[in-house]
Amino acid sequence: MNAAPADQIRLLDVQALDVRLSQLAHKRKSLPEHAEIESLTKDLTQLRDLLVAATTEESDTAREQTKAEQDVDQVRQRATRNQERLDSGAVSSPKDLENLQKEIVSLAKRQGDLEDVVLEVMERRESAQERAAELTERVGAVQGKVDDATARREAAFTEIDGEVAKVAKEREVVVASIPADLVKLYEKLRTQSGGVGAARLYQRRCEGCQLELNITEVMEVRAAAPDAVLRCENCRRILVRTPDSGI
Ligand SMILES: [Zn+2]
């Protein structure tokens, strides 16, 4: 393949812009905010799960408390009715009186037990409420951190994407000035060779693979026409001659 020396040198400009573009892509992908957001989001998910559990516990204990209070009321009402019957003097049989008094005693005991249950449920409800309040606060704080890191990441994206657009535009202009077949070869080699398709020959060294040309290769480069498109014998990249090639 042949191409004017100036076109070959412009290929090095394209190569430099491509290196810049891959650096920008790498920078975009490895922003510290990615890991920060991921870790905070994990924390947030855990805290939200705990909050759901605390809120559920809160409403469960509220229901439990209502039920326990109703149980106490029923026992109290029954005890009151029994006491009224006793006070009214309507029960006269000694056996009935004895049974009624026994029931009043046992209802008092039952009421005491049920009131203990109410107290125990109230304690659990209160601690669930405290836990829910604390978790709500923590969720808010972590969410604030997520929002902050996300805003920083967006700002970095905007800056990097602006730079990418600028470099891509510049690349487009340079590529348009180079013969299509040379660009095509460059693109093919660039894909095959880790993002570097064209390398400068500098002081007899290929800057693509960093190997120095042996004497036979130097002679071949010397003998080649200026518009011949040369390839590195070692890495197969397009080897571009410049005044600093040492040939
Ligand atoms: Zn090479």
# chains A, B, ... in the order shown; residues from 1 in each chain; ligands from 1
>>> residues_near_ligand(ligand="ligand 1", cutoff="9 Å", atoms="only C-alpha atoms and all ligand atoms", output="PDB file with C-alpha atoms, in the first residue's frame")
ATOM      1  CA  ALA A 199       3.416   3.637  15.476  1.00  0.00           C
ATOM      2  CA  LEU A 201       9.611   4.905  13.965  1.00  0.00           C
ATOM      3  CA  ARG A 205      12.743   1.829  17.377  1.00  0.00           C
ATOM      4  CA  CYS A 206       9.082   0.945  16.740  1.00  0.00           C
ATOM      5  CA  GLU A 207       7.076   2.912  19.271  1.00  0.00           C
ATOM      6  CA  GLY A 208       4.272   0.337  19.010  1.00  0.00           C
ATOM      7  CA  CYS A 209       6.215  -2.619  20.411  1.00  0.00           C
ATOM      8  CA  GLN A 210       9.348  -0.733  21.558  1.00  0.00           C
ATOM      9  CA  LEU A 211      11.651  -3.089  19.632  1.00  0.00           C
ATOM     10  CA  GLU A 212      14.660  -1.678  17.820  1.00  0.00           C
ATOM     11  CA  LEU A 213      14.951  -2.557  14.128  1.00  0.00           C
ATOM     12  CA  ARG A 231       4.808  -2.383   8.715  1.00  0.00           C
ATOM     13  CA  CYS A 232       6.772  -3.318  11.804  1.00  0.00           C
ATOM     14  CA  GLU A 233       8.235  -6.814  11.271  1.00  0.00           C
ATOM     15  CA  ASN A 234       7.627  -7.570  14.933  1.00  0.00           C
ATOM     16  CA  CYS A 235       4.171  -6.158  15.828  1.00  0.00           C
ATOM     17  CA  ARG A 236       2.761  -5.681  12.278  1.00  0.00           C
ATOM     18  CA  ARG A 237       1.634  -2.162  13.032  1.00  0.00           C
ATOM     19  CA  ILE A 238       1.947   0.605  10.444  1.00  0.00           C
ATOM     20  CA  LEU A 239       5.387   2.064  10.953  1.00  0.00           C
TER      21      LEU A 239
END
>>> closest_atom_pairs(of="region 35-84 of chain A", to="region 112-117 of chain A", cutoff="10 Å", atoms="only C-alpha atoms", output="Markdown table")
| residue | atom | partner | partner_atom | distance |
| --- | --- | --- | --- | --- |
| A:Glu64 | CA | A:Val117 | CA | 9.6 |
| A:Gln65 | CA | A:Val117 | CA | 8.5 |
| A:Ala68 | CA | A:Leu114 | CA | 6.8 |
| A:Glu69 | CA | A:Glu115 | CA | 7.7 |
| A:Gln70 | CA | A:Leu114 | CA | 9.7 |
| A:Asp71 | CA | A:Leu114 | CA | 7.1 |
| A:Val72 | CA | A:Leu114 | CA | 5.8 |
| A:Asp73 | CA | A:Leu114 | CA | 9.6 |
| A:Val75 | CA | A:Leu114 | CA | 8.9 |
>>> write_last_selection(atoms="C-alpha atoms", output="PDB file, in the first residue's frame")
ATOM      1  CA  GLU A  64     -51.668  -6.714  69.523  1.00  0.00           C
ATOM      2  CA  GLN A  65     -52.092  -3.911  72.066  1.00  0.00           C
ATOM      3  CA  ALA A  68     -54.894  -7.158  74.711  1.00  0.00           C
ATOM      4  CA  GLU A  69     -56.756  -4.049  75.928  1.00  0.00           C
ATOM      5  CA  GLN A  70     -60.052  -5.512  74.694  1.00  0.00           C
ATOM      6  CA  ASP A  71     -59.300  -8.713  76.625  1.00  0.00           C
ATOM      7  CA  VAL A  72     -58.741  -6.673  79.790  1.00  0.00           C
ATOM      8  CA  ASP A  73     -62.019  -4.777  79.195  1.00  0.00           C
ATOM      9  CA  VAL A  75     -62.672  -9.419  82.035  1.00  0.00           C
TER      10      VAL A  75
END
>>> residues_around(residues="Leu51 (chain A)", least_positions_apart="4", cutoff="10 Å", atoms="only C-alpha atoms", output="list in words")
Thr45, Gln46, Leu47, Thr55, Thr56, Glu57, Ala128, Arg131, Ala132, Ala133, Glu134, Leu135, Thr136, Arg138 and Val139 of chain A
>>> write_last_selection(atoms="C-alpha atoms", output="PDB file, in the first residue's frame")
ATOM      1  CA  THR A  45     -31.040  -1.355  50.775  1.00  0.00           C
ATOM      2  CA  GLN A  46     -30.123  -2.975  54.091  1.00  0.00           C
ATOM      3  CA  LEU A  47     -31.358   0.004  56.110  1.00  0.00           C
ATOM      4  CA  THR A  55     -42.516  -0.518  60.763  1.00  0.00           C
ATOM      5  CA  THR A  56     -44.189  -3.911  60.423  1.00  0.00           C
ATOM      6  CA  GLU A  57     -43.324  -4.690  64.055  1.00  0.00           C
ATOM      7  CA  ALA A 128     -40.235  -0.652  67.543  1.00  0.00           C
ATOM      8  CA  ARG A 131     -36.090   1.787  66.053  1.00  0.00           C
ATOM      9  CA  ALA A 132     -38.246   2.944  63.111  1.00  0.00           C
ATOM     10  CA  ALA A 133     -37.530   6.602  63.922  1.00  0.00           C
ATOM     11  CA  GLU A 134     -33.797   5.979  64.152  1.00  0.00           C
ATOM     12  CA  LEU A 135     -33.770   3.990  60.898  1.00  0.00           C
ATOM     13  CA  THR A 136     -35.781   6.666  59.102  1.00  0.00           C
ATOM     14  CA  ARG A 138     -30.292   6.898  58.928  1.00  0.00           C
ATOM     15  CA  VAL A 139     -32.032   6.155  55.594  1.00  0.00           C
TER      16      VAL A 139
END
>>> residues_around(residues="region 179-196 of chain A", least_positions_apart="2", cutoff="12 Å", atoms="only C-alpha atoms", output="PyMOL selection string")
chain A and resi 1-23+171-172+174-177+198-200+206-209+227-232+234-240
>>> residues_around(residues="Arg85 (chain A)", least_positions_apart="3", cutoff="12 Å", atoms="only C-alpha atoms", output="list in words")
Arg78, Ala79, Thr80, Arg81, Asn82, Ser88, Gly89, Ala90, Val91, Ser92, Asp96, Leu97, Leu100, Gln101 and Ile104 of chain A
>>> closest_residue(among="A:Arg153, A:Leu40, A:Arg204, A:Lys95", to="Ala141 (chain A)", atoms="only C-alpha atoms")
A:Leu40
>>> atom_distance(atom1="CA of Gln74 (chain A)", atom2="CA of Glu123 (chain A)")
22.2 Å
>>> atom_distance(atom1="CA of Lys109 (chain A)", atom2="CA of Thr66 (chain A)")
20.2 Å
>>> select_by_dssp(residues="region 23-216 of chain A", states="helix (DSSP H, G or I)", output="PyMOL selection string")
chain A and resi 23-29+32-88+94-176+180-192+215-216
>>> closest_residue(among="A:Arg124, A:Ile178, A:Gln83, A:Lys169", to="Val105 (chain A)", atoms="only C-alpha atoms")
A:Gln83
